[in-house]
file query04.tsv (TSV, C-alpha atoms)
chain	number	residue	atom	x	y	z
A	12	MET	CA	24.34	18.90	8.32
A	13	ARG	CA	23.99	16.58	11.30
A	14	THR	CA	22.59	13.08	10.78
A	15	TYR	CA	19.41	13.69	12.78
A	16	GLU	CA	18.69	16.86	10.79
A	17	VAL	CA	18.92	14.80	7.60
A	18	ILE	CA	16.56	12.19	9.08
A	19	GLU	CA	14.09	14.92	10.06
A	20	ARG	CA	14.11	16.25	6.49
A	21	ILE	CA	13.56	12.77	5.10
A	22	ASP	CA	10.68	12.28	7.54
A	23	ALA	CA	9.09	15.51	6.28
A	24	PHE	CA	9.54	14.26	2.70
A	25	CYS	CA	7.77	10.98	3.53
A	26	ASP	CA	4.83	12.99	4.86
A	27	ALA	CA	4.72	15.39	1.90
A	28	VAL	CA	4.97	13.03	-1.07
A	29	PRO	CA	1.72	11.07	-0.51
A	30	ARG	CA	-0.25	14.31	-0.29
A	31	ARG	CA	0.28	14.84	-4.02
A	32	ARG	CA	-2.21	12.12	-4.92
A	33	ALA	CA	-3.81	10.97	-1.67
A	34	ARG	CA	-6.08	12.46	0.98
A	35	ALA	CA	-4.39	12.74	4.37
A	36	CYS	CA	-6.68	11.76	7.25
A	37	GLU	CA	-5.40	12.08	10.81
A	38	HIS	CA	-6.20	9.33	13.30
A	39	GLY	CA	-4.76	10.48	16.63
A	40	PRO	CA	-0.95	10.35	16.33
A	41	LEU	CA	-1.14	8.64	12.91
A	42	VAL	CA	-2.02	9.86	9.44
A	43	LEU	CA	-3.62	7.60	6.83
A	44	PHE	CA	-3.14	8.43	3.14
A	45	ILE	CA	-6.24	7.47	1.17
A	46	PRO	CA	-5.83	7.16	-2.63
A	47	THR	CA	-7.77	9.63	-4.76
A	48	GLY	CA	-7.11	7.98	-8.12
A	49	PRO	CA	-5.47	4.99	-9.83
A	50	GLY	CA	-2.01	3.76	-8.95
A	51	TRP	CA	-0.24	2.31	-5.96
A	52	PRO	CA	-1.88	2.81	-2.56
A	53	TYR	CA	0.06	4.60	0.15
A	54	TYR	CA	0.61	3.71	3.78
A	55	ALA	CA	-0.22	5.09	7.18
A	56	ARG	CA	2.55	6.70	9.20
A	57	PRO	CA	3.18	8.75	12.34
A	58	ARG	CA	2.13	12.39	12.09
A	59	HIS	CA	5.09	14.59	11.26
A	60	GLY	CA	6.17	16.83	14.12
A	61	ALA	CA	4.77	16.88	17.64
A	62	ARG	CA	2.18	14.18	18.40
A	63	PRO	CA	0.94	11.96	21.24
A	64	ARG	CA	2.70	8.68	21.90
A	65	ILE	CA	1.62	5.95	19.47
A	66	THR	CA	-0.14	2.93	20.99
A	67	ALA	CA	-1.32	-0.44	19.72
A	68	ALA	CA	-4.92	0.84	19.97
A	69	ASP	CA	-4.07	3.68	17.57
A	70	ILE	CA	-2.69	1.21	15.05
A	71	ARG	CA	-5.67	-1.13	15.39
A	72	ALA	CA	-8.04	1.77	14.70
A	73	VAL	CA	-6.18	2.67	11.50
A	74	ARG	CA	-6.06	-0.97	10.42
A	75	ALA	CA	-9.85	-1.15	10.80
A	76	ARG	CA	-10.22	1.92	8.59
A	77	GLN	CA	-7.86	0.46	5.99
A	78	ARG	CA	-9.97	-2.69	5.86
A	79	GLU	CA	-13.11	-0.59	5.38
A	80	LEU	CA	-11.46	1.19	2.45
A	81	ILE	CA	-10.06	-2.09	1.03
A	82	ILE	CA	-6.51	-0.76	0.96
A	83	PRO	CA	-3.38	-2.49	2.30
A	84	GLU	CA	-2.88	-2.52	6.07
A	85	SER	CA	0.57	-1.01	5.64
A	86	PHE	CA	2.53	1.32	7.92
A	87	GLU	CA	5.87	3.00	7.20
A	88	TRP	CA	8.05	5.21	9.38
A	89	ILE	CA	11.63	6.02	10.40
A	90	GLU	CA	12.66	4.34	13.63
A	91	GLN	CA	14.63	7.34	14.87
A	92	THR	CA	11.61	9.69	14.65
A	93	ALA	CA	9.05	7.29	16.18
A	94	PRO	CA	10.97	4.80	18.35
A	95	GLU	CA	7.81	3.57	20.11
A	96	MET	CA	6.05	2.60	16.87
A	97	ALA	CA	7.68	-0.82	16.36
A	98	ALA	CA	6.52	-2.23	19.71
A	99	ALA	CA	3.03	-0.80	19.21
A	100	ALA	CA	2.78	-2.28	15.70
A	101	SER	CA	3.89	-5.70	16.94
A	102	GLU	CA	1.37	-5.57	19.78
A	103	ALA	CA	-1.31	-4.68	17.20
A	104	GLY	CA	-0.55	-7.91	15.32
A	105	LEU	CA	1.66	-6.62	12.52
A	106	ASP	CA	4.91	-8.06	11.23
A	107	VAL	CA	7.58	-5.34	11.62
A	108	GLN	CA	10.57	-5.30	9.27
A	109	PRO	CA	13.59	-2.95	9.53
A	110	HIS	CA	15.45	-1.74	6.44
A	111	PRO	CA	18.69	0.24	6.25
A	112	LEU	CA	17.96	3.92	5.52
A	113	MET	CA	20.79	5.27	3.37
A	114	VAL	CA	21.76	8.68	2.06
A	115	LEU	CA	24.18	9.59	-0.70
A	116	SER	CA	27.35	10.76	0.98
A	117	ALA	CA	28.45	14.30	0.14
A	118	LEU	CA	32.02	12.98	0.13
A	119	SER	CA	31.29	10.50	-2.67
A	120	GLY	CA	30.11	13.16	-5.12
A	121	VAL	CA	28.31	12.15	-8.29
A	122	PRO	CA	28.08	8.34	-8.46
A	123	ALA	CA	30.05	6.76	-11.26
A	124	ALA	CA	28.15	4.48	-13.66
A	125	PRO	CA	29.30	0.86	-13.35
A	126	ALA	CA	30.31	-1.13	-16.41
A	127	LEU	CA	27.38	-2.81	-18.13
A	128	PRO	CA	27.16	-6.19	-19.91
A	129	ALA	CA	27.50	-6.14	-23.68
A	130	GLY	CA	24.26	-5.15	-25.39
A	131	VAL	CA	22.73	-3.52	-22.29
A	132	THR	CA	22.00	0.20	-22.01
A	133	VAL	CA	20.55	2.29	-19.17
A	134	ARG	CA	18.54	5.45	-19.79
A	135	ALA	CA	15.81	7.67	-18.41
A	136	VAL	CA	12.35	6.79	-19.69
A	137	ALA	CA	10.24	9.36	-21.55
A	138	PRO	CA	6.51	9.68	-20.72
A	139	GLU	CA	5.46	8.42	-24.14
A	140	ASP	CA	7.90	5.50	-24.27
A	141	PRO	CA	6.07	2.59	-25.97
A	142	GLU	CA	7.79	0.16	-23.57
A	143	LEU	CA	6.26	1.77	-20.47
A	144	ASP	CA	3.94	-1.14	-19.71
A	145	ARG	CA	6.82	-3.62	-19.84
A	146	ILE	CA	9.06	-1.32	-17.78
A	147	TRP	CA	6.27	-1.02	-15.18
A	148	ALA	CA	6.05	-4.83	-15.05
A	149	VAL	CA	9.75	-5.34	-14.21
A	150	PRO	CA	9.50	-4.49	-10.48
A	151	ALA	CA	6.39	-6.66	-10.19
A	152	VAL	CA	8.46	-9.64	-11.32
A	153	ALA	CA	11.51	-8.57	-9.31
A	154	PHE	CA	9.58	-8.21	-6.06
A	155	GLY	CA	7.55	-11.40	-6.31
A	156	HIS	CA	4.29	-10.80	-8.17
A	157	PRO	CA	2.11	-13.92	-7.69
A	158	GLY	CA	3.36	-16.64	-9.99
A	159	THR	CA	6.81	-15.09	-10.47
A	160	ALA	CA	8.40	-15.25	-7.03
A	161	THR	CA	10.69	-18.23	-7.60
A	162	GLY	CA	13.21	-19.50	-10.12
A	163	GLU	CA	14.77	-17.45	-12.91
A	164	ALA	CA	11.76	-15.36	-13.86
A	165	GLY	CA	12.57	-13.12	-16.78
A	166	PRO	CA	11.20	-11.52	-19.96
A	167	ALA	CA	8.36	-14.03	-20.41
A	168	GLU	CA	6.99	-13.38	-16.93
A	169	ARG	CA	7.46	-9.62	-17.40
A	170	ASP	CA	5.50	-9.66	-20.64
A	171	LYS	CA	2.71	-11.73	-19.11
A	172	ILE	CA	2.21	-9.12	-16.38
A	173	ALA	CA	2.51	-6.26	-18.88
A	174	ALA	CA	-0.23	-7.78	-21.03
A	175	ASP	CA	-2.61	-7.57	-18.05
A	176	HIS	CA	-1.65	-4.02	-17.09
A	177	ASP	CA	-4.17	-1.49	-15.84
A	178	GLY	CA	-4.47	1.32	-18.36
A	179	GLY	CA	-5.30	3.83	-15.64
A	180	THR	CA	-2.11	3.02	-13.75
A	181	ILE	CA	0.05	3.40	-16.86
A	182	GLU	CA	-1.58	6.71	-17.72
A	183	MET	CA	-1.05	7.89	-14.14
A	184	LEU	CA	2.62	6.95	-14.48
A	185	ARG	CA	2.87	8.86	-17.77
A	186	GLU	CA	1.37	11.93	-16.12
A	187	ARG	CA	3.80	11.77	-13.21
A	188	LEU	CA	6.68	11.62	-15.68
A	189	ARG	CA	5.26	14.53	-17.70
A	190	SER	CA	4.85	16.65	-14.55
A	191	GLY	CA	8.39	15.97	-13.41
A	192	HIS	CA	7.17	14.57	-10.08
A	193	SER	CA	8.88	11.27	-10.93
A	194	VAL	CA	11.87	10.19	-12.98
A	195	LEU	CA	11.94	6.62	-14.26
A	196	ALA	CA	15.04	4.79	-15.47
A	197	ALA	CA	15.43	1.34	-16.96
A	198	ALA	CA	18.08	-1.04	-18.27
A	199	PHE	CA	17.39	-2.52	-21.69
A	200	GLY	CA	18.75	-5.61	-23.39
A	201	PRO	CA	17.89	-7.38	-26.64
A	202	ASP	CA	14.71	-8.76	-24.99
A	203	GLY	CA	13.52	-5.39	-23.68
A	204	PRO	CA	13.60	-3.88	-20.16
A	205	LEU	CA	15.56	-5.93	-17.62
A	206	ALA	CA	15.63	-3.58	-14.62
A	207	ALA	CA	13.88	-0.40	-13.55
A	208	GLY	CA	13.71	2.15	-10.76
A	209	SER	CA	12.32	5.60	-10.07
A	210	CYS	CA	13.07	8.79	-8.18
A	211	GLN	CA	10.86	11.56	-6.88
A	212	ALA	CA	11.86	14.86	-5.32
A	213	VAL	CA	10.26	17.45	-3.02
A	214	ASP	CA	11.94	20.59	-1.66
A	215	GLY	CA	15.49	19.46	-2.38
A	216	ILE	CA	15.03	15.89	-1.08
A	217	ALA	CA	14.88	12.95	-3.48
A	218	GLU	CA	14.07	9.30	-2.85
A	219	ILE	CA	15.13	6.47	-5.14
A	220	THR	CA	12.53	3.69	-4.98
A	221	GLY	CA	11.47	0.46	-6.59
A	222	VAL	CA	14.84	-0.51	-8.07
A	223	GLY	CA	14.15	-4.02	-9.29
A	224	VAL	CA	15.95	-6.42	-11.61
A	225	LEU	CA	14.44	-9.45	-13.33
A	226	PRO	CA	15.74	-12.52	-11.49
A	227	SER	CA	17.22	-13.86	-14.75
A	228	SER	CA	19.32	-10.68	-15.12
A	229	ARG	CA	20.66	-10.22	-11.58
A	230	ARG	CA	24.31	-9.96	-10.50
A	231	GLN	CA	25.25	-7.90	-13.54
A	232	GLY	CA	25.28	-4.47	-11.94
A	233	LEU	CA	21.99	-3.33	-13.48
A	234	GLY	CA	20.44	-2.17	-10.20
A	235	ALA	CA	23.57	-0.22	-9.30
A	236	ALA	CA	23.62	1.38	-12.76
A	237	ILE	CA	20.01	2.55	-12.45
A	238	THR	CA	20.64	3.87	-8.93
A	239	ALA	CA	23.67	5.82	-10.13
A	240	LEU	CA	21.76	7.32	-13.08
A	241	LEU	CA	18.83	8.41	-10.89
A	242	ALA	CA	21.16	9.90	-8.27
A	243	ARG	CA	23.12	11.84	-10.89
A	244	ASP	CA	19.89	13.13	-12.43
A	245	ALA	CA	18.60	14.30	-9.04
A	246	LEU	CA	21.84	16.11	-8.24
A	247	ASP	CA	21.81	17.73	-11.69
A	248	ARG	CA	18.32	19.09	-10.87
A	249	GLY	CA	19.56	20.78	-7.71
A	250	VAL	CA	18.60	18.16	-5.12
A	251	HIS	CA	20.84	18.29	-2.05
A	252	THR	CA	19.80	15.02	-0.32
A	253	VAL	CA	19.31	11.71	-2.12
A	254	PHE	CA	18.16	8.76	-0.03
A	255	LEU	CA	16.80	5.22	-0.34
A	256	SER	CA	15.84	2.22	1.76
A	257	ALA	CA	17.68	-1.03	1.16
A	258	SER	CA	15.77	-4.28	1.45
A	259	ASP	CA	18.46	-5.84	3.66
A	260	ASP	CA	22.11	-5.57	4.67
A	261	VAL	CA	23.31	-7.44	1.57
A	262	VAL	CA	21.61	-4.95	-0.75
A	263	ALA	CA	22.84	-2.10	1.47
A	264	ARG	CA	26.41	-3.14	0.70
A	265	VAL	CA	25.65	-2.82	-3.03
A	266	TYR	CA	24.33	0.71	-2.50
A	267	ALA	CA	27.36	1.52	-0.35
A	268	ARG	CA	29.57	0.81	-3.34
A	269	THR	CA	27.54	3.43	-5.24
A	270	GLY	CA	28.28	6.03	-2.58
A	271	PHE	CA	25.42	5.66	-0.09
A	272	ARG	CA	25.91	5.40	3.68
A	273	GLU	CA	23.50	4.14	6.34
A	274	ILE	CA	22.07	6.83	8.64
A	275	GLY	CA	19.01	5.20	10.21
A	276	THR	CA	16.35	2.54	9.88
A	277	ALA	CA	13.26	2.62	7.69
A	278	MET	CA	10.45	0.52	9.16
A	279	ILE	CA	7.57	-1.28	7.46
A	280	ALA	CA	4.76	-3.04	9.32
A	281	GLU	CA	2.19	-5.21	7.57
A	282	PRO	CA	0.06	-8.26	8.38
A	283	SER	CA	2.05	-11.48	8.32
A	284	ALA	CA	2.03	-13.26	4.96
A	285	GLY	CA	0.89	-16.39	6.78
call {"tool": "encode", "arguments": {"input": "query04.tsv", "output": "structure tokens"}}
result
Amino acid sequence: MRTYEVIERIDAFCDAVPRRRARACEHGPLVLFIPTGPGWPYYARPRHGARPRITAADIRAVRARQRELIIPESFEWIEQTAPEMAAAASEAGLDVQPHPLMVLSALSGVPAAPALPAGVTVRAVAPEDPELDRIWAVPAVAFGHPGTATGEAGPAERDKIAADHDGGTIEMLRERLRSGHSVLAAAFGPDGPLAAGSCQAVDGIAEITGVGVLPSSRRQGLGAAITALLARDALDRGVHTVFLSASDDVVARVYARTGFREIGTAMIAEPSAG
């Protein structure tokens, strides 16, 4: 399959997945996904397929609607399918960030599991796992939840966030695991979950997302181990395309060692943190 055909299929996946638990509202060439229940809010993105050219005015109109709904002013897309979007988003006042879009190479086959530190195990997480709240808290620490963005944040910070968890979000996560819409994996040490990530599949396409490691447990191969487990699980379930977005080129090199290759650029536009 040619690279652009793979990108087109991934683009269709990115349009289909939010429709499972969000209402899709078209705004000209863009579509805004409005949450219909608890959990993480989705983004706005270019309409899949034929559409008018995207302008800064289109993005400003969607941003205004996002503010009315009190949801994040977030946009995501693939650069190769909407090359005009980055300039329009910048003109509309958003900070645009590119991320390597990577797909598991057919030549690499099933990813091998890297060696793990002594006392650490990696496994898929069952819907009724009693550690689910602490597993859910790991990415929040890994990706800079307020109060945990610096230093060697670890189990104490994870448990603090877990103690304040939203019961509706955890129940939503349990339901997604029960339904098979998502697969969750985590690495566990003597102090509980140290890393976590998830995978979701639609029509033979699977995306690995949210692979995060507690800062105090990084550089031990835990993220790579979770990525390999999720990829193997997806392939075992008949998925033919496994993809992910790396946060930067350094992380992309880690995924490359697991068998992924870069095929495009995933774009995210949000208001500047400043």
call {"tool": "closest_residue", "arguments": {"input": "query04.tsv", "among": "A:Val133, A:Ala236, A:Met183, A:Ala206", "to": "Arg268 in chain A", "atoms": "all atoms listed in the file"}}
result
A:Ala236
call {"tool": "closest_residue", "arguments": {"input": "query04.tsv", "among": "A:Met278, A:Ile237, A:Leu80, A:Ile70", "to": "Val107 in chain A", "atoms": "only C-alpha atoms"}}
result
A:Met278
call {"tool": "closest_residue", "arguments": {"input": "query04.tsv", "among": "A:Ala151, A:Ala135, A:Ala164, A:Ala61", "to": "Asp244 in chain A", "atoms": "all atoms listed in the file"}}
result
A:Ala135
call {"tool": "atom_distance", "arguments": {"input": "query04.tsv", "atom1": "CA of His251 in chain A", "atom2": "CA of Ile146 in chain A"}}
result
27.8 Å
call {"tool": "atom_distance", "arguments": {"input": "query04.tsv", "atom1": "CA of Ala197 in chain A", "atom2": "CA of Arg169 in chain A"}}
result
13.6 Å
call {"tool": "atom_distance", "arguments": {"input": "query04.tsv", "atom1": "CA of Ala263 in chain A", "atom2": "CA of Val250 in chain A"}}
result
21.7 Å
call {"tool": "residues_near_point", "arguments": {"input": "query04.tsv", "point": "(30.0, 4.5, -6.2)", "cutoff": "7 Å", "atoms": "only C-alpha atoms", "output": "JSON, numbers by chain"}}
result
{"A": [122, 123, 268, 269, 270]}
call {"tool": "residues_around", "arguments": {"input": "query04.tsv", "residues": "Gly104 in chain A", "least_positions_apart": "6", "cutoff": "9 Å", "atoms": "all atoms listed in the file", "output": "JSON, numbers by chain"}}
result
{"A": [67, 71, 281, 282, 283]}
call {"tool": "residues_around", "arguments": {"input": "query04.tsv", "residues": "Ala153 in chain A", "least_positions_apart": "2", "cutoff": "7 Å", "atoms": "all atoms listed in the file", "output": "PyMOL selection string"}}
result
chain A and resi 149-151+155+223-226
